[in-house]
>>> print(open('my_file-v2.txt').read())   # compact mmCIF, C-alpha atoms and all ligand atoms
# COMPACT_ATOMS: atom_id res chain seq x y z
CA MET N 10 -5.32 -18.38 -24.30
CA LYS N 11 -4.55 -14.65 -24.14
CA LYS N 12 -1.48 -13.45 -26.00
CA VAL N 13 1.35 -12.07 -23.86
CA GLU N 14 3.03 -9.04 -25.46
CA VAL N 15 6.60 -7.70 -25.20
CA SER N 16 7.61 -4.09 -24.59
CA PRO N 17 11.36 -3.72 -25.26
CA SER N 18 12.92 -0.99 -23.12
CA ILE N 19 15.05 1.42 -25.18
CA LEU N 20 17.04 2.14 -22.02
CA SER N 21 19.33 -0.67 -23.19
CA ALA N 22 19.19 0.16 -26.91
CA ASN N 23 22.12 1.44 -28.94
CA PHE N 24 21.28 5.15 -29.35
CA LEU N 25 23.74 5.43 -32.21
CA ASN N 26 21.46 3.07 -34.14
CA LEU N 27 18.13 3.67 -32.46
CA GLU N 28 16.13 3.51 -35.70
CA LYS N 29 17.50 0.04 -36.43
CA ASP N 30 17.04 -1.08 -32.82
CA ILE N 31 13.38 -0.07 -32.96
CA LEU N 32 12.76 -1.62 -36.37
CA ASP N 33 14.41 -4.88 -35.29
CA VAL N 34 12.13 -5.32 -32.25
CA TYR N 35 9.09 -4.40 -34.36
CA LYS N 36 10.06 -7.03 -36.93
CA GLY N 37 10.79 -9.36 -34.01
CA GLY N 38 7.16 -9.26 -32.90
CA ALA N 39 7.14 -6.61 -30.16
CA LYS N 40 3.86 -4.69 -29.85
CA TYR N 41 5.03 -1.95 -27.45
CA LEU N 42 8.14 0.22 -27.05
CA HIS N 43 9.05 1.01 -23.45
CA PHE N 44 10.50 4.45 -22.60
CA ASP N 45 12.22 4.46 -19.23
CA VAL N 46 12.22 8.12 -18.20
CA MET N 47 14.41 8.82 -15.16
CA ASP N 48 15.02 12.21 -13.50
CA GLY N 49 17.93 11.44 -11.16
CA HIS N 50 15.65 12.42 -8.26
CA PHE N 51 12.89 9.82 -7.94
CA VAL N 52 15.53 7.26 -9.02
CA PRO N 53 19.34 7.59 -8.75
CA ASN N 54 19.87 7.77 -12.52
CA ILE N 55 19.09 10.12 -15.41
CA SER N 56 17.99 8.67 -18.76
CA PHE N 57 16.14 10.78 -21.35
CA GLY N 58 13.16 13.15 -21.69
CA SER N 59 10.30 13.80 -24.10
CA VAL N 60 12.63 15.10 -26.83
CA ILE N 61 13.61 11.52 -27.71
CA LEU N 62 9.98 10.41 -27.67
CA LYS N 63 8.98 13.33 -29.90
CA GLN N 64 11.58 12.42 -32.49
CA ILE N 65 10.61 8.77 -32.78
CA SER N 66 7.02 8.30 -31.58
CA LYS N 67 5.50 8.75 -35.04
CA GLU N 68 8.33 6.96 -36.86
CA HIS N 69 7.35 3.43 -35.85
CA LEU N 70 4.22 1.29 -35.46
CA LEU N 71 4.75 0.22 -31.83
CA ILE N 72 2.64 1.46 -28.92
CA ASN N 73 4.59 4.15 -27.05
CA ASP N 74 4.66 2.81 -23.48
CA VAL N 75 6.09 5.63 -21.32
CA HIS N 76 7.29 4.78 -17.81
CA LEU N 77 7.83 7.95 -15.74
CA MET N 78 10.28 7.25 -12.94
CA ILE N 79 10.18 10.91 -11.98
CA THR N 80 9.13 13.18 -9.14
CA ASP N 81 6.14 15.42 -9.98
CA PRO N 82 4.93 13.52 -13.07
CA ASP N 83 2.03 15.97 -13.41
CA LYS N 84 4.47 18.78 -14.22
CA TYR N 85 5.83 16.95 -17.28
CA LEU N 86 2.66 15.19 -18.36
CA LEU N 87 1.84 17.42 -21.32
CA ASP N 88 5.41 17.21 -22.66
CA PHE N 89 5.04 13.45 -22.99
CA ILE N 90 1.47 13.54 -24.24
CA ASN N 91 2.35 16.12 -26.91
CA SER N 92 5.40 14.01 -27.82
CA GLY N 93 3.27 10.99 -28.70
CA ALA N 94 2.84 8.86 -25.57
CA ASP N 95 0.10 6.24 -25.95
CA ILE N 96 0.38 5.00 -22.36
CA ILE N 97 1.72 7.08 -19.46
CA THR N 98 2.63 5.17 -16.31
CA PHE N 99 3.56 7.10 -13.18
CA HIS N 100 4.74 5.82 -9.81
CA TYR N 101 2.37 5.51 -6.86
CA GLU N 102 5.34 6.45 -4.63
CA ALA N 103 5.92 9.73 -6.50
CA LEU N 104 2.65 11.32 -5.32
CA ASN N 105 1.58 12.43 -1.86
CA SER N 106 -2.14 11.71 -1.63
CA ASP N 107 -4.99 9.66 -3.07
CA GLU N 108 -6.49 12.90 -4.40
CA GLU N 109 -3.33 13.66 -6.36
CA ILE N 110 -3.31 10.14 -7.79
CA PHE N 111 -6.96 10.22 -8.83
CA ALA N 112 -6.46 13.68 -10.36
CA LEU N 113 -3.43 12.53 -12.36
CA ILE N 114 -5.21 9.42 -13.64
CA ASN N 115 -8.14 11.56 -14.75
CA ARG N 116 -5.87 14.15 -16.35
CA ILE N 117 -4.01 11.50 -18.38
CA LYS N 118 -7.28 9.95 -19.53
CA SER N 119 -8.76 13.35 -20.39
CA TYR N 120 -6.20 13.48 -23.23
CA LYS N 121 -7.33 10.04 -24.46
CA VAL N 122 -4.01 8.56 -23.31
CA LYS N 123 -3.99 5.32 -21.33
CA ALA N 124 -3.14 5.73 -17.63
CA GLY N 125 -0.82 3.32 -15.84
CA ILE N 126 0.25 3.17 -12.20
CA SER N 127 3.49 1.49 -11.11
CA ILE N 128 4.60 0.09 -7.76
CA LYS N 129 8.17 -0.40 -6.61
CA PRO N 130 9.27 -3.74 -5.12
CA ASN N 131 8.61 -2.61 -1.53
CA THR N 132 5.09 -1.35 -2.25
CA ASN N 133 2.25 -3.85 -1.87
CA VAL N 134 -0.69 -4.23 -4.21
CA ASP N 135 -3.00 -3.24 -1.32
CA ALA N 136 -1.69 0.33 -1.64
CA ILE N 137 -3.20 0.73 -5.13
CA VAL N 138 -6.38 -1.37 -4.96
CA LYS N 139 -8.61 1.74 -4.81
CA PHE N 140 -7.14 3.02 -8.09
CA LEU N 141 -7.53 -0.22 -10.06
CA PRO N 142 -11.05 0.45 -11.42
CA PHE N 143 -9.72 3.69 -12.98
CA VAL N 144 -6.38 2.68 -14.55
CA ASP N 145 -5.68 0.98 -17.87
CA LEU N 146 -2.44 -0.65 -16.73
CA VAL N 147 -0.55 -1.67 -13.60
CA LEU N 148 3.25 -1.89 -13.86
CA VAL N 149 4.85 -4.20 -11.30
CA MET N 150 8.53 -3.32 -10.82
CA SER N 151 10.55 -6.51 -10.43
CA VAL N 152 13.73 -4.53 -9.72
CA GLU N 153 14.39 -1.37 -7.76
CA PRO N 154 13.82 1.23 -10.53
CA GLY N 155 16.78 3.13 -11.90
CA PHE N 156 18.95 0.78 -13.91
CA GLY N 157 18.67 -1.91 -16.56
CA GLY N 158 20.44 -5.25 -16.20
CA GLN N 159 19.46 -5.93 -12.58
CA LYS N 160 18.39 -9.26 -11.07
CA PHE N 161 14.68 -10.19 -11.04
CA MET N 162 13.01 -9.95 -7.61
CA PHE N 163 10.82 -13.01 -7.11
CA ASN N 164 8.29 -11.34 -4.81
CA SER N 165 6.92 -9.72 -7.97
CA VAL N 166 5.32 -13.02 -9.04
CA GLU N 167 2.97 -12.98 -6.04
CA LYS N 168 1.94 -9.40 -6.87
CA ILE N 169 1.08 -10.39 -10.45
CA LYS N 170 -1.01 -13.33 -9.15
CA ASN N 171 -2.75 -10.98 -6.71
CA LEU N 172 -3.54 -8.41 -9.40
CA PHE N 173 -4.78 -11.14 -11.74
CA LYS N 174 -7.12 -12.45 -9.02
CA ILE N 175 -8.45 -8.96 -8.25
CA ARG N 176 -9.15 -8.38 -11.94
CA GLU N 177 -10.89 -11.75 -12.31
CA GLU N 178 -13.10 -11.04 -9.29
CA SER N 179 -14.01 -7.48 -10.24
CA ASN N 180 -15.04 -5.67 -13.38
CA CYS N 181 -11.64 -3.99 -13.66
CA ASN N 182 -9.87 -4.38 -16.96
CA PHE N 183 -6.35 -3.08 -16.40
CA LEU N 184 -3.42 -4.74 -18.18
CA ILE N 185 -0.69 -6.22 -15.95
CA GLU N 186 2.88 -5.33 -16.97
CA VAL N 187 6.16 -6.37 -15.32
CA ASP N 188 9.50 -4.59 -15.63
CA GLY N 189 13.00 -5.51 -14.57
CA GLY N 190 15.23 -8.56 -14.85
CA ILE N 191 12.96 -10.23 -17.39
CA ASN N 192 14.62 -13.05 -19.33
CA ASN N 193 13.51 -16.35 -20.88
CA GLU N 194 13.20 -17.92 -17.40
CA THR N 195 11.70 -15.16 -15.28
CA SER N 196 9.24 -14.33 -18.07
CA LYS N 197 7.66 -17.78 -17.74
CA LEU N 198 7.01 -17.28 -14.01
CA CYS N 199 5.30 -13.97 -14.78
CA ILE N 200 3.26 -15.47 -17.63
CA GLU N 201 2.06 -18.31 -15.39
CA ALA N 202 1.10 -15.70 -12.78
CA GLY N 203 -1.07 -13.85 -15.31
CA VAL N 204 1.03 -11.01 -16.77
CA ASP N 205 -0.06 -9.38 -20.05
CA ILE N 206 3.04 -7.37 -21.01
CA LEU N 207 6.72 -8.15 -20.41
CA VAL N 208 9.18 -5.24 -20.35
CA ALA N 209 12.68 -6.35 -21.24
CA GLY N 210 15.71 -4.19 -21.94
CA SER N 211 19.09 -5.84 -21.53
CA TYR N 212 17.82 -9.35 -22.36
CA ILE N 213 16.66 -8.20 -25.79
CA TYR N 214 19.21 -5.51 -26.61
CA ASN N 215 22.22 -7.50 -25.55
CA LYS N 216 21.35 -10.04 -28.24
CA GLU N 217 22.06 -9.93 -31.99
CA ASP N 218 18.86 -11.76 -32.89
CA LYS N 219 16.08 -9.63 -31.40
CA LYS N 220 13.33 -11.83 -32.88
CA ALA N 221 14.71 -14.95 -31.23
CA ALA N 222 15.13 -13.07 -27.94
CA ILE N 223 11.52 -11.82 -28.03
CA GLU N 224 10.17 -15.25 -28.98
CA SER N 225 12.17 -16.90 -26.19
CA LEU N 226 10.43 -14.65 -23.66
CA ILE N 227 7.00 -15.90 -24.64
CA GLY N 228 7.41 -19.34 -26.24
C1 LIG E 1 13.97 0.56 -14.31
C2 LIG E 1 13.85 0.21 -15.75
C3 LIG E 1 14.45 -1.17 -16.10
C4 LIG E 1 14.29 -1.49 -17.56
C5 LIG E 1 14.38 -2.96 -17.82
O1 LIG E 1 15.11 0.23 -13.77
O2 LIG E 1 12.48 0.22 -16.00
O3 LIG E 1 13.80 -2.11 -15.31
O4 LIG E 1 13.06 -1.12 -18.01
O5 LIG E 1 15.68 -3.32 -17.69
P1 LIG E 1 16.17 -4.85 -17.80
O6 LIG E 1 15.19 -5.57 -18.68
O7 LIG E 1 17.54 -4.75 -18.40
O8 LIG E 1 16.15 -5.35 -16.39
ZN ZN E 2 10.39 0.69 -17.13
>>> encode(input="my_file-v2.txt", output="structure tokens")
Amino acid sequence: MKKVEVSPSILSANFLNLEKDILDVYKGGAKYLHFDVMDGHFVPNISFGSVILKQISKEHLLINDVHLMITDPDKYLLDFINSGADIITFHYEALNSDEEIFALINRIKSYKVKAGISIKPNTNVDAIVKFLPFVDLVLVMSVEPGFGGQKFMFNSVEKIKNLFKIREESNCNFLIEVDGGINNETSKLCIEAGVDILVAGSYIYNKEDKKAAIESLIG
């Protein structure tokens, strides 16, 4: 039985005590740390840039899972790569052509960084099938990107099942990640559907006991 991993989103962390909030999720069993980068243009909210990543990426043992909810991800790619990103996930909807998407995937991978592609709730899996043999990760958004603490959108479960089936029937080996409204109930639906990584922000960071919160997502 494959192990499902957790990627706590620091969007909901306490930035006054970020070091402790990162250590607590590491001790709680998380394997990834999710950086929700928002530019106030692709999504109607502004979060943080590569300066935060640069300060902390080498200070912990988690995999730096960077989620770029930004227009023109190519323009900022090197900033995040040079700041320690291990995975860089961009949005399918942020680019204007297949050529641009293929070029960005190749550029990310040319720096030995893992390339992820993300789809918003209204984008179907069909839109990204041609890219699946080339990406390391697919991020299914289970909320409209831009804010933590939103309600899970149940159409995401079908997308995870679809991606799982495509991977089983092909020689693709991308990881399936889901992000938004993940709690101890919605996580189980995603796990049953075949997800590999659960992103959770408010569910984990609104709780005192991060270990129990992380374990409740999987167990
Ligand atoms: C986009 C962000 C959020 C965040 C998770 O809005 O990507 O989905 O990671 O937030 P929660 O877990 O609080 O829904
Ligand atoms: Zn995210």
>>> residues_around(input="my_file-v2.txt", residues="region 92-105 of chain N", least_positions_apart="2", cutoff="6 Å", atoms="only C-alpha atoms", output="number ranges by chain")
N: 62-63, 66, 73-77, 80, 89-90, 122-128
>>> closest_residue(input="my_file-v2.txt", among="N:Asn180, N:Ser56, N:Asn115, N:Ser225", to="ligand ZN 2 (chain E)", atoms="all atoms listed in the file")
N:Ser56
>>> closest_residue(input="my_file-v2.txt", among="N:Glu14, N:Glu68, N:Asp135, N:Asp145", to="Cys181 (chain N)", atoms="all atoms listed in the file")
N:Asp145
>>> closest_atom_pairs(input="my_file-v2.txt", of="region 115-216 of chain N", to="region 29-44 of chain N", cutoff="9 Å", atoms="only C-alpha atoms", output="Markdown table")
| residue | atom | partner | partner_atom | distance |
| --- | --- | --- | --- | --- |
| N:Ile206 | CA | N:Tyr41 | CA | 8.6 |
| N:Val208 | CA | N:His43 | CA | 7.0 |
| N:Ala209 | CA | N:His43 | CA | 8.5 |
| N:Gly210 | CA | N:His43 | CA | 8.6 |
| N:Ile213 | CA | N:Val34 | CA | 8.4 |
| N:Tyr214 | CA | N:Asp30 | CA | 7.9 |
>>> residues_near_ligand(input="my_file-v2.txt", ligand="ligand LIG 1 (chain E)", cutoff="6 Å", atoms="only C-alpha atoms and all ligand atoms", output="PDB file with C-alpha atoms, in the coordinates of the input")
ATOM      1  CA  SER N  18      12.920  -0.990 -23.120  1.00  0.00           C
ATOM      2  CA  ASP N  45      12.220   4.460 -19.230  1.00  0.00           C
ATOM      3  CA  PRO N 154      13.820   1.230 -10.530  1.00  0.00           C
ATOM      4  CA  GLY N 155      16.780   3.130 -11.900  1.00  0.00           C
ATOM      5  CA  PHE N 156      18.950   0.780 -13.910  1.00  0.00           C
ATOM      6  CA  GLY N 157      18.670  -1.910 -16.560  1.00  0.00           C
ATOM      7  CA  GLY N 158      20.440  -5.250 -16.200  1.00  0.00           C
ATOM      8  CA  GLN N 159      19.460  -5.930 -12.580  1.00  0.00           C
ATOM      9  CA  ASP N 188       9.500  -4.590 -15.630  1.00  0.00           C
ATOM     10  CA  GLY N 189      13.000  -5.510 -14.570  1.00  0.00           C
ATOM     11  CA  GLY N 190      15.230  -8.560 -14.850  1.00  0.00           C
ATOM     12  CA  ILE N 191      12.960 -10.230 -17.390  1.00  0.00           C
ATOM     13  CA  ALA N 209      12.680  -6.350 -21.240  1.00  0.00           C
ATOM     14  CA  GLY N 210      15.710  -4.190 -21.940  1.00  0.00           C
ATOM     15  CA  SER N 211      19.090  -5.840 -21.530  1.00  0.00           C
ATOM     16  CA  TYR N 212      17.820  -9.350 -22.360  1.00  0.00           C
TER      17      TYR N 212
END
>>> closest_residue(input="my_file-v2.txt", among="N:Lys139, N:Lys129, N:Lys170, N:Lys197", to="ligand ZN 2 (chain E)", atoms="only C-alpha atoms and all ligand atoms")
N:Lys129
>>> residues_around(input="my_file-v2.txt", residues="Leu113 (chain N)", least_positions_apart="3", cutoff="10 Å", atoms="all atoms listed in the file", output="list in words")
Pro82, Asp83, Leu86, Phe99, Leu104, Asp107, Glu108, Glu109, Ile110, Arg116, Ile117, Lys118, Ser119 and Ala124 of chain N
>>> closest_residue(input="my_file-v2.txt", among="N:Ala112, N:Asp88, N:Ser21, N:Val13", to="Ser196 (chain N)", atoms="only C-alpha atoms")
N:Val13
>>> closest_residue(input="my_file-v2.txt", among="N:Leu184, N:Leu25, N:Leu20, N:Ile137", to="ligand ZN 2 (chain E)", atoms="all atoms listed in the file")
N:Leu20
>>> closest_residue(input="my_file-v2.txt", among="N:Leu70, N:Met162, N:Leu207, N:Val60", to="Ile227 (chain N)", atoms="all atoms listed in the file")
N:Leu207
>>> atom_distance(input="my_file-v2.txt", atom1="CA of Leu226 (chain N)", atom2="CA of Leu198 (chain N)")
10.6 Å
>>> atom_distance(input="my_file-v2.txt", atom1="CA of Glu217 (chain N)", atom2="CA of Phe24 (chain N)")
15.3 Å
>>> axis_aligned_box(input="my_file-v2.txt", around="region 93-98 of chain N", padding_each_side="8 Å", output="JSON")
{"center_x": 1.7, "center_y": 8.0, "center_z": -22.5, "size_x": 19.2, "size_y": 22.0, "size_z": 28.4}
>>> atom_distance(input="my_file-v2.txt", atom1="CA of Val204 (chain N)", atom2="CA of Asn23 (chain N)")
27.3 Å
>>> decode(input="my_file-v2.txt", residues="region 147-158 of chain N", atoms="N, CA and C atoms", output="short mmCIF file (atom, residue, chain, number, x, y, z; two decimals), in the first residue's frame")
data_model
loop_
_atom_site.label_atom_id
_atom_site.label_comp_id
_atom_site.auth_asym_id
_atom_site.auth_seq_id
_atom_site.Cartn_x
_atom_site.Cartn_y
_atom_site.Cartn_z
N VAL N 147 1.17 16.43 -10.62
CA VAL N 147 -0.04 17.16 -11.04
C VAL N 147 -0.75 17.62 -9.77
N LEU N 148 -1.04 18.92 -9.70
CA LEU N 148 -1.71 19.47 -8.50
C LEU N 148 -3.16 19.79 -8.86
N VAL N 149 -4.06 19.05 -8.27
CA VAL N 149 -5.50 19.27 -8.48
C VAL N 149 -5.98 20.28 -7.43
N MET N 150 -6.45 21.43 -7.88
CA MET N 150 -6.98 22.44 -6.94
C MET N 150 -8.41 22.05 -6.58
N SER N 151 -8.62 21.87 -5.26
CA SER N 151 -9.97 21.51 -4.80
C SER N 151 -10.69 22.71 -4.19
N VAL N 152 -10.09 23.90 -4.43
CA VAL N 152 -10.78 25.18 -4.15
C VAL N 152 -10.34 26.13 -5.27
N GLU N 153 -11.07 27.23 -5.39
CA GLU N 153 -10.63 28.26 -6.34
C GLU N 153 -9.37 28.88 -5.72
N PRO N 154 -8.22 28.84 -6.37
CA PRO N 154 -6.99 29.31 -5.71
C PRO N 154 -7.06 30.77 -5.29
N GLY N 155 -6.41 31.05 -4.15
CA GLY N 155 -6.30 32.43 -3.70
C GLY N 155 -6.38 32.57 -2.19
N PHE N 156 -7.07 31.64 -1.54
CA PHE N 156 -7.23 31.80 -0.09
C PHE N 156 -7.23 30.45 0.62
N GLY N 157 -6.69 30.41 1.81
CA GLY N 157 -6.81 29.21 2.63
C GLY N 157 -8.18 29.21 3.31
N GLY N 158 -8.52 28.08 3.92
CA GLY N 158 -9.74 28.01 4.71
C GLY N 158 -11.04 27.92 3.93
#
